[in-house]
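Asks: Below are the structure tokens for one structure; questions will follow.
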Amino acid sequence: MIKLFNISKTYPGKIHALSNINLHVAKGEFIFIAGPSGAGKSTLLKLFFAEEFAEEGQIIVNGINLLKVKRKMIPYHRRSIGIIFQDFKLLNSKTVFENVAFSLIVTGVKKKSEINKRTYEAIKLVGLSDKRDAYPLKLSGGEQQRIAIARAVVNEPPLIIADEPTGNLDPELSVDILDIFRRLNEKGSTIVFATHNRALIKSTNFRRVIISKGRLLSEEDFT
């Protein structure tokens, strides 16, 4: 699903965000990218959906070499990925239902009955069917994150990337959000979940990759 070979990323000012990263993520796997804030987790994830590009190495996602892909093909690549951010990025002028349905509309789904069916199913998956007509600012932080997840998965992407999705939530809500990702993984999606929440990671048996100062460490370094 994801293959990185000797990936390095440097920002202006000779800031080394990533150094010689090698990583393979199998189809259907659930993997944590762990590490403190500023370690390079977000930069690494941005490479997967071509928001950032590495200067060295090779990166292959869903069979596409992202260092060779034509720029006009990047939007199509991103349609195969569900992306969840820490800050939700919901459209405050649209209802919960409209936020989720919007993801289908922009990818070309035109049949209204299909949009309605898939949108309701996604909202039901995250347990917020009773909030479908509410606006984001009327929801709690945990509810907004659930809707962000529904929006990301309504297209049933084979790969889901989550960048600190529990970073703004309390421990109990974080466990609830993790449970949603577990269920998505059980349905067949590959999950890449970046977090600095050690307690959350230790509550599971999923593989973890530790990143520190732009370098990958072994699992044994996670204490």
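Just remember, in the structure tokens the first chain shown is A, the second B, etc., residues are 1-based per chain, and ligands are 1-based in the order shown.
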When you look at Tyr120 of chain A with a cut-off of 9 Å (counting only C-alpha atoms), what residues show up, excluding the ones that are within fewer than 5 positions of it in the same chain? I need them as a list in words.
Replies: Phe97, Val100, Ala101, Ile115, Leu125, Ser129 and Arg132 of chain A
Asks: Please list as a list in words every residue within 8 Å of Gly214 of chain A, counting only C-alpha atoms and excluding residues in the same chain fewer than 3 positions away.
Replies: His16, Ala17, Leu18, Ser19, Ala39, Gly40 and Ile211 of chain A
Asks: Store the residues picked out above in a file with N, CA and C atoms, as a short mmCIF file (atom, residue, chain, number, x, y, z; two decimals), in the first residue's frame.
Replies:
```cif
data_model
loop_
_atom_site.label_atom_id
_atom_site.label_comp_id
_atom_site.auth_asym_id
_atom_site.auth_seq_id
_atom_site.Cartn_x
_atom_site.Cartn_y
_atom_site.Cartn_z
N HIS A 16 16.12 20.06 8.27
CA HIS A 16 15.97 18.67 7.86
C HIS A 16 14.73 18.07 8.55
N ALA A 17 13.60 18.04 7.83
CA ALA A 17 12.35 17.54 8.41
C ALA A 17 12.34 16.01 8.47
N LEU A 18 12.89 15.38 7.42
CA LEU A 18 12.95 13.92 7.36
C LEU A 18 14.30 13.51 6.81
N SER A 19 14.85 12.43 7.36
CA SER A 19 16.17 11.98 6.93
C SER A 19 16.19 10.47 6.73
N ALA A 39 8.33 16.33 15.49
CA ALA A 39 9.25 15.22 15.16
C ALA A 39 9.32 14.95 13.67
N GLY A 40 8.28 15.37 12.92
CA GLY A 40 8.25 15.10 11.48
C GLY A 40 7.05 14.29 11.04
N ILE A 211 9.03 8.23 15.29
CA ILE A 211 9.82 9.21 14.56
C ILE A 211 10.31 10.27 15.54
#
```
Asks: Env of Leu90 of chain A: 8 Å cut, atoms = only C-alpha atoms, seq-sep filter 5 positions within chain, self excluded. Answer as a list in words.
Replies: Asn99, Pro136, Gln144 and Ala148 of chain A
Asks: Which one of A:Leu4, A:Ile177, A:Val96, A:Ala150 sits closest to Asp130 of chain A if you count only C-alpha atoms?
Replies: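 Counting only C-alpha atoms, the residue closest to Asp130 of chain A is A:Val96.
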Asks: Which residues are close to Ile64 of chain A, i.e. within 10 Å by only C-alpha atoms, leaving aside same-chain residues fewer than 4 positions away? Reply as a PDB file with N, CA and C atoms, in the first residue's frame.
Replies:
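Printed below is out.pdb as written:
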```pdb
ATOM      1  N   MET A   1       0.823  -1.208   0.000  1.00  0.00           N
ATOM      2  CA  MET A   1       0.000   0.000   0.000  1.00  0.00           C
ATOM      3  C   MET A   1       0.865   1.270   0.000  1.00  0.00           C
ATOM      4  N   ILE A   2       1.858   1.306   0.933  1.00  0.00           N
ATOM      5  CA  ILE A   2       2.779   2.437   1.001  1.00  0.00           C
ATOM      6  C   ILE A   2       4.201   1.893   1.087  1.00  0.00           C
ATOM      7  N   LYS A   3       5.083   2.432   0.254  1.00  0.00           N
ATOM      8  CA  LYS A   3       6.489   2.041   0.286  1.00  0.00           C
ATOM      9  C   LYS A   3       7.356   3.291   0.172  1.00  0.00           C
ATOM     10  N   ILE A  59       8.823   7.215  -3.226  1.00  0.00           N
ATOM     11  CA  ILE A  59       7.625   6.976  -2.431  1.00  0.00           C
ATOM     12  C   ILE A  59       6.523   6.474  -3.335  1.00  0.00           C
ATOM     13  N   ILE A  60       5.998   5.306  -3.003  1.00  0.00           N
ATOM     14  CA  ILE A  60       4.949   4.672  -3.799  1.00  0.00           C
ATOM     15  C   ILE A  60       3.725   4.468  -2.908  1.00  0.00           C
ATOM     16  N   LYS A  68       7.233  10.909  -9.380  1.00  0.00           N
ATOM     17  CA  LYS A  68       7.205  10.947 -10.838  1.00  0.00           C
ATOM     18  C   LYS A  68       5.817  11.269 -11.392  1.00  0.00           C
ATOM     19  N   VAL A  69       4.796  11.293 -10.528  1.00  0.00           N
ATOM     20  CA  VAL A  69       3.436  11.503 -10.988  1.00  0.00           C
ATOM     21  C   VAL A  69       3.262  12.911 -11.559  1.00  0.00           C
ATOM     22  N   HIS A  77      -5.304  11.051  -7.325  1.00  0.00           N
ATOM     23  CA  HIS A  77      -4.645  10.246  -6.297  1.00  0.00           C
ATOM     24  C   HIS A  77      -5.276  10.503  -4.931  1.00  0.00           C
TER      25      HIS A  77
END
```
Asks: What is the atom CA of Glu29 of chain A-atom CA of Thr190 of chain A distance in Å, reported with one decimal?
Replies: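 Straight-line distance from atom CA of Glu29 of chain A to atom CA of Thr190 of chain A works out to 5.1 Å.
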Asks: Atom CA of Ile84 of chain A to atom CA of Ser37 of chain A: how many Å, to one decimal?
Replies: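 Between these atoms lies a distance of 17.1 Å.
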Asks: So, counting only C-alpha atoms, which residue among A:Arg207, A:Lys89, A:His196, A:Lys187 is closest to Arg151 of chain A?
Replies: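 Going through A:Arg207, A:Lys89, A:His196, A:Lys187 one by one, the smallest distance to Arg151 of chain A is for A:Lys89.
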Asks: Go through A:Asp176, A:Glu121, A:Glu164, A:Glu186 and flag the residue nearest Pro36 of chain A, using only C-alpha atoms for the distances.
Replies: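 Closest to Pro36 of chain A of all the choices is A:Glu164.
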Asks: If you run DSSP on the backbone, which residues of segment 11-45 of chain A are alpha helix (DSSP H), as a list in words?
Replies: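 Here is the list: Lys41, Ser42, Thr43, Leu44 and Leu45 of chain A.
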Asks: Write out as number ranges by chain each polymer residue whose atoms come within 9 Å of Lys41 of chain A, counting only C-alpha atoms; drop sequence neighbours fewer than 6 positions from it.
Replies: A: 33-35, 163, 194-195, 211-212, 214
Asks: Within 10 Å of Leu47 of chain A, counting only C-alpha atoms, which residues show up once you throw out same-chain ones fewer than 4 positions away? Write them as a ChimeraX atom specification, please.
Replies: /A:4,7,9,42-43,51-54,59-61,66-67
Asks: Skip Asp179 of chain A itself and residues of its chain fewer than 2 positions away, then list as a list of chain:residue names all residues within 12 Å of it, counting only C-alpha atoms.
Replies: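 With the cut-off at 12 Å, the set is A:Leu125, A:Val126, A:Gly127, A:Arg146, A:Ile149, A:Thr166, A:Glu172, A:Leu173, A:Ser174, A:Val175, A:Asp176, A:Ile177, A:Phe181, A:Arg182, A:Arg183, A:Leu184, A:Asn185, A:Glu186, A:Leu200, A:Ser203, A:Thr204.
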Asks: Restricted to N, CA and C atoms, what would the selected residues look like written as a PDB file, in the first residue's frame?
Replies:
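Output (result19.pdb):
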```
ATOM      1  N   LEU A 125     -22.162   5.623  10.883  1.00  0.00           N
ATOM      2  CA  LEU A 125     -20.946   4.923  11.286  1.00  0.00           C
ATOM      3  C   LEU A 125     -20.273   5.612  12.469  1.00  0.00           C
ATOM      4  N   VAL A 126     -20.295   6.940  12.477  1.00  0.00           N
ATOM      5  CA  VAL A 126     -19.631   7.677  13.558  1.00  0.00           C
ATOM      6  C   VAL A 126     -20.597   8.022  14.690  1.00  0.00           C
ATOM      7  N   GLY A 127     -21.817   7.496  14.622  1.00  0.00           N
ATOM      8  CA  GLY A 127     -22.757   7.616  15.725  1.00  0.00           C
ATOM      9  C   GLY A 127     -23.408   8.964  15.903  1.00  0.00           C
ATOM     10  N   ARG A 146     -15.751  13.491  14.752  1.00  0.00           N
ATOM     11  CA  ARG A 146     -16.482  12.364  14.182  1.00  0.00           C
ATOM     12  C   ARG A 146     -17.007  12.701  12.784  1.00  0.00           C
ATOM     13  N   ILE A 149     -14.287  12.594  10.295  1.00  0.00           N
ATOM     14  CA  ILE A 149     -14.013  11.204   9.914  1.00  0.00           C
ATOM     15  C   ILE A 149     -15.046  10.718   8.903  1.00  0.00           C
ATOM     16  N   THR A 166      -6.881  12.947  17.591  1.00  0.00           N
ATOM     17  CA  THR A 166      -7.350  13.061  18.979  1.00  0.00           C
ATOM     18  C   THR A 166      -6.590  14.140  19.744  1.00  0.00           C
ATOM     19  N   GLU A 172     -11.144  10.217  27.249  1.00  0.00           N
ATOM     20  CA  GLU A 172     -12.303   9.366  27.001  1.00  0.00           C
ATOM     21  C   GLU A 172     -12.774   9.479  25.559  1.00  0.00           C
ATOM     22  N   LEU A 173     -12.823  10.712  25.044  1.00  0.00           N
ATOM     23  CA  LEU A 173     -13.225  10.905  23.656  1.00  0.00           C
ATOM     24  C   LEU A 173     -12.185  10.326  22.698  1.00  0.00           C
ATOM     25  N   SER A 174     -10.922  10.396  23.081  1.00  0.00           N
ATOM     26  CA  SER A 174      -9.859   9.839  22.238  1.00  0.00           C
ATOM     27  C   SER A 174     -10.048   8.342  22.040  1.00  0.00           C
ATOM     28  N   VAL A 175     -10.445   7.660  23.096  1.00  0.00           N
ATOM     29  CA  VAL A 175     -10.702   6.218  23.007  1.00  0.00           C
ATOM     30  C   VAL A 175     -11.873   5.949  22.068  1.00  0.00           C
ATOM     31  N   ASP A 176     -12.911   6.775  22.127  1.00  0.00           N
ATOM     32  CA  ASP A 176     -14.067   6.613  21.246  1.00  0.00           C
ATOM     33  C   ASP A 176     -13.669   6.797  19.782  1.00  0.00           C
ATOM     34  N   ILE A 177     -12.834   7.803  19.518  1.00  0.00           N
ATOM     35  CA  ILE A 177     -12.384   8.064  18.152  1.00  0.00           C
ATOM     36  C   ILE A 177     -11.522   6.901  17.650  1.00  0.00           C
ATOM     37  N   PHE A 181     -11.803   4.186  14.226  1.00  0.00           N
ATOM     38  CA  PHE A 181     -10.738   3.785  13.304  1.00  0.00           C
ATOM     39  C   PHE A 181     -10.531   2.270  13.319  1.00  0.00           C
ATOM     40  N   ARG A 182     -10.684   1.654  14.463  1.00  0.00           N
ATOM     41  CA  ARG A 182     -10.599   0.187  14.520  1.00  0.00           C
ATOM     42  C   ARG A 182     -11.640  -0.448  13.604  1.00  0.00           C
ATOM     43  N   ARG A 183     -12.869   0.070  13.678  1.00  0.00           N
ATOM     44  CA  ARG A 183     -13.954  -0.497  12.876  1.00  0.00           C
ATOM     45  C   ARG A 183     -13.711  -0.273  11.385  1.00  0.00           C
ATOM     46  N   LEU A 184     -13.169   0.872  11.041  1.00  0.00           N
ATOM     47  CA  LEU A 184     -12.842   1.137   9.640  1.00  0.00           C
ATOM     48  C   LEU A 184     -11.777   0.172   9.151  1.00  0.00           C
ATOM     49  N   ASN A 185     -10.805  -0.119  10.010  1.00  0.00           N
ATOM     50  CA  ASN A 185      -9.765  -1.067   9.668  1.00  0.00           C
ATOM     51  C   ASN A 185     -10.341  -2.471   9.491  1.00  0.00           C
ATOM     52  N   GLU A 186     -11.283  -2.839  10.358  1.00  0.00           N
ATOM     53  CA  GLU A 186     -11.926  -4.152  10.259  1.00  0.00           C
ATOM     54  C   GLU A 186     -12.723  -4.290   8.963  1.00  0.00           C
ATOM     55  N   LEU A 200      -2.731   6.116  24.329  1.00  0.00           N
ATOM     56  CA  LEU A 200      -3.630   5.612  23.296  1.00  0.00           C
ATOM     57  C   LEU A 200      -2.975   4.483  22.515  1.00  0.00           C
ATOM     58  N   SER A 203      -2.684   1.164  24.325  1.00  0.00           N
ATOM     59  CA  SER A 203      -3.943   0.447  24.552  1.00  0.00           C
ATOM     60  C   SER A 203      -4.252  -0.525  23.423  1.00  0.00           C
ATOM     61  N   THR A 204      -3.387  -0.583  22.398  1.00  0.00           N
ATOM     62  CA  THR A 204      -3.620  -1.443  21.241  1.00  0.00           C
ATOM     63  C   THR A 204      -2.408  -2.337  20.993  1.00  0.00           C
TER      64      THR A 204
END
```
Asks: How would you write, as a ChimeraX atom specification, the set of residues in segment 30-141 of chain A that DSSP gives as strand (DSSP E or B)?
Replies: /A:30-34,56-61,64-65,81-84
Asks: So the first atom is atom CA of Leu104 of chain A and the second is atom CA of Asn155 of chain A; what is the distance between them in Å, to one decimal place?
Replies: 6.5 Å
Asks: Return the single residue from A:Ala122, A:Lys110, A:Val192, A:Leu178 that is closest to Phe48 of chain A, with distances computed using only C-alpha atoms.
Replies: A:Val192
Asks: With distances taken over only C-alpha atoms, which of A:Asn6, A:Thr107, A:Asn62, A:Asn116 is nearest to Asn20 of chain A?
Replies: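 Under the stated criterion, the closest residue is A:Asn6.
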